[in-house]
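Structure file data_14.cif (mmCIF, C-alpha atoms) is printed below.
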```cif
data_structure
#
loop_
_atom_site.label_atom_id
_atom_site.label_comp_id
_atom_site.auth_asym_id
_atom_site.auth_seq_id
_atom_site.Cartn_x
_atom_site.Cartn_y
_atom_site.Cartn_z
CA MET A 1 81.87 23.72 75.84
CA ASN A 2 79.20 20.99 75.90
CA LYS A 3 76.96 20.73 78.93
CA VAL A 4 76.31 17.27 80.38
CA VAL A 5 72.57 16.65 80.67
CA SER A 6 71.28 14.52 83.52
CA ASP A 7 67.84 13.34 84.66
CA ARG A 8 68.74 14.87 88.02
CA ASP A 9 68.91 18.35 86.54
CA PRO A 10 65.66 20.03 87.80
CA GLU A 11 65.40 22.18 84.68
CA ILE A 12 65.50 19.15 82.39
CA ASN A 13 63.38 16.95 84.65
CA SER A 14 60.58 19.53 84.95
CA HIS A 15 59.97 19.35 81.19
CA LYS A 16 60.02 15.57 80.91
CA THR A 17 57.14 13.21 80.74
CA ARG A 18 58.06 9.66 81.47
CA VAL A 19 56.30 6.92 79.58
CA LEU A 20 56.16 3.22 80.26
CA CYS A 21 54.47 1.02 77.66
CA LEU A 22 52.78 -1.70 79.66
CA THR A 23 50.82 -4.39 77.84
CA PHE A 24 48.99 -7.53 78.89
CA ASP A 25 47.76 -10.23 76.55
CA ASN A 26 45.57 -13.29 76.70
CA LEU A 27 42.50 -13.40 78.92
CA GLY A 28 40.84 -16.53 80.20
CA GLU A 29 40.30 -19.70 78.22
CA ALA A 30 40.72 -18.44 74.64
CA ARG A 31 44.13 -20.04 74.15
CA ASN A 32 42.85 -23.33 75.58
CA VAL A 33 39.94 -23.22 73.15
CA PHE A 34 42.47 -22.88 70.33
CA LEU A 35 44.40 -25.86 71.73
CA ASN A 36 41.17 -27.91 72.06
CA LYS A 37 41.67 -28.13 75.83
CA SER A 38 38.52 -26.19 76.66
CA ALA A 39 35.26 -25.09 75.10
CA VAL A 40 33.65 -22.84 77.70
CA PRO A 41 34.74 -19.99 79.99
CA ASP A 42 36.23 -20.99 83.33
CA TRP A 43 34.90 -18.46 85.83
CA GLU A 44 36.92 -20.08 88.63
CA ALA A 45 40.30 -19.74 86.88
CA PRO A 46 42.84 -17.87 89.05
CA GLU A 47 43.56 -15.30 86.32
CA ILE A 48 39.86 -14.40 86.33
CA THR A 49 39.12 -14.53 90.07
CA ILE A 50 42.45 -13.27 91.43
CA GLY A 51 44.83 -12.07 88.71
CA PHE A 52 42.84 -9.51 86.78
CA PRO A 53 41.17 -7.90 89.82
CA GLN A 54 44.55 -7.52 91.54
CA VAL A 55 46.28 -6.18 88.42
CA LEU A 56 43.50 -3.64 87.84
CA GLN A 57 43.61 -2.54 91.50
CA LEU A 58 47.39 -2.15 91.37
CA LEU A 59 47.30 -0.15 88.15
CA ASP A 60 44.57 2.06 89.58
CA ARG A 61 46.45 2.62 92.83
CA LEU A 62 49.60 3.58 90.91
CA GLN A 63 47.59 5.64 88.39
CA ILE A 64 49.07 3.67 85.50
CA ARG A 65 47.22 3.03 82.26
CA ALA A 66 48.01 -0.05 80.20
CA THR A 67 46.97 -1.77 77.00
CA PHE A 68 45.24 -5.12 77.30
CA PHE A 69 45.29 -7.29 74.18
CA VAL A 70 42.29 -9.59 74.42
CA GLU A 71 40.90 -12.24 72.13
CA GLY A 72 37.47 -11.76 70.58
CA TRP A 73 36.29 -14.99 72.23
CA SER A 74 37.29 -13.58 75.62
CA ALA A 75 35.55 -10.27 74.91
CA LEU A 76 32.41 -12.26 74.13
CA HIS A 77 32.52 -14.51 77.21
CA TYR A 78 34.18 -12.27 79.83
CA GLY A 79 32.23 -9.10 79.10
CA ALA A 80 32.21 -7.79 82.66
CA ILE A 81 36.00 -8.01 82.88
CA ILE A 82 36.45 -6.37 79.47
CA GLU A 83 34.11 -3.54 80.44
CA ASN A 84 35.91 -3.14 83.79
CA ILE A 85 39.26 -2.85 82.00
CA HIS A 86 37.81 -0.31 79.57
CA ASN A 87 35.96 1.70 82.24
CA SER A 88 39.19 1.89 84.26
CA GLY A 89 40.72 3.93 81.43
CA HIS A 90 42.89 1.25 79.86
CA GLU A 91 43.20 0.68 76.15
CA ILE A 92 41.97 -2.59 74.68
CA GLY A 93 43.51 -4.08 71.59
CA LEU A 94 42.46 -7.18 69.70
CA HIS A 95 44.54 -10.34 69.99
CA GLY A 96 42.78 -12.53 67.43
CA TRP A 97 39.70 -14.63 68.07
CA ILE A 98 41.09 -17.53 70.14
CA HIS A 99 44.80 -16.71 70.26
CA GLU A 100 45.30 -18.59 67.02
CA HIS A 101 48.65 -18.84 65.30
CA PHE A 102 48.10 -16.42 62.42
CA ALA A 103 51.05 -17.68 60.39
CA SER A 104 49.14 -20.93 59.84
CA LEU A 105 45.86 -19.27 58.76
CA ASP A 106 44.89 -18.49 55.20
CA GLN A 107 43.90 -14.91 54.45
CA ARG A 108 40.15 -15.60 54.66
CA ALA A 109 40.43 -17.24 58.10
CA ALA A 110 42.72 -14.46 59.38
CA ARG A 111 40.33 -11.76 58.16
CA GLN A 112 37.37 -13.55 59.75
CA SER A 113 39.20 -13.83 63.09
CA ILE A 114 40.04 -10.13 63.08
CA HIS A 115 36.59 -9.07 61.85
CA ASP A 116 34.71 -11.15 64.43
CA GLY A 117 36.96 -10.01 67.27
CA LEU A 118 36.61 -6.35 66.34
CA LYS A 119 32.83 -6.77 66.05
CA VAL A 120 32.55 -8.16 69.60
CA LEU A 121 34.64 -5.28 70.95
CA GLN A 122 32.50 -2.83 68.99
CA LEU A 123 29.32 -4.34 70.46
CA ARG A 124 30.82 -3.70 73.90
CA GLY A 125 31.41 -0.06 72.95
CA ILE A 126 35.17 -0.47 72.52
CA GLN A 127 37.17 0.72 69.54
CA SER A 128 40.37 -1.29 69.24
CA PHE A 129 43.42 0.57 67.98
CA GLY A 130 45.95 -2.21 68.24
CA PHE A 131 46.55 -5.65 66.84
CA PRO A 132 49.90 -7.26 67.65
CA MET A 133 51.24 -9.37 64.81
CA SER A 134 51.41 -13.03 65.54
CA THR A 135 54.71 -14.86 65.24
CA GLY A 136 55.62 -15.76 61.70
CA TRP A 137 53.71 -12.99 59.98
CA LYS A 138 55.27 -10.55 57.60
CA VAL A 139 54.34 -6.88 57.90
CA ARG A 140 52.83 -6.69 54.40
CA GLN A 141 50.61 -9.74 55.09
CA SER A 142 49.43 -8.24 58.41
CA ILE A 143 48.54 -4.91 56.85
CA ARG A 144 46.69 -6.56 53.95
CA VAL A 145 44.59 -8.74 56.26
CA SER A 146 43.82 -6.15 58.91
CA CYS A 147 43.07 -3.27 56.57
CA CYS A 148 41.00 -4.98 53.92
#
```
Structure encoded using structure tokens:
Amino acid sequence: MNKVVSDRDPEINSHKTRVLCLTFDNLGEARNVFLNKSAVPDWEAPEITIGFPQVLQLLDRLQIRATFFVEGWSALHYGAIIENIHNSGHEIGLHGWIHEHFASLDQRAARQSIHDGLKVLQLRGIQSFGFPMSTGWKVRQSIRVSCC
């Protein structure tokens, strides 16, 4: 006879670890730089002055760790926020240089974007383990650009 397994069964539940994959992407003005709507950091933007501090406080209060995908440009210009995210125990992944649309870039430009973004993170003492593929990319193209 088969036993029905339930999350409410204390024996089963005591051996479980629950995992929630929580990710955030895009920090500050990087996307607007890509869209030619901005050229400099906006330190008064609500996501900088209100959003990120509140999100980090909430995650800390709930003891939740997340992955933040940030652009290299943002890592360069919003260093204090990047370091705060990192020092709070969250993972940081690269999200391009200025949130560019990778499907429209040639291989040289894509490699430069990834290289420069990783270099800025490295200079901040952060090793990035993630790079979400941009819309329109094929897996083989992503691997070739990010690994070579």
Note to self: Applying 8 Å and all atoms listed in the file, which residues near Ala75 (chain A) remain after dropping the ones on its own chain fewer than 5 positions away? List them as a ChimeraX atom specification.
What the structure shows: /A:70,82,117,120-121
Next item on the list: Determine the residue set returned by the PyMOL selection byres ((chain A and resi 93-98) around 10) for the present structure, and present it as a PyMOL selection string.
Entry: chain A and resi 23-27+29-35+67-76+90-92+99-102+110-118+120-121+126-134
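Across the model, the gap from CA of Ile81 (chain A) to CA of Gly51 (chain A) is 11.3 Å.
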Checklist line | Point-to-point distance in Å for CA of Tyr78 (chain A) and CA of Lys37 (chain A) | finding: 18.0 Å
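Distance-wise, CA of Ala80 (chain A) and CA of Pro53 (chain A) end up 11.5 Å apart.
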Note to self: When you look at Leu20 (chain A) with a cut-off of 12 Å (counting all atoms listed in the file), what residues show up, excluding the ones that are within fewer than 4 positions of it in the same chain? I need them as a list in words.
What the structure shows: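 Result of the neighbour search: Ile64, Arg65, Ala66 and Thr67 of chain A.
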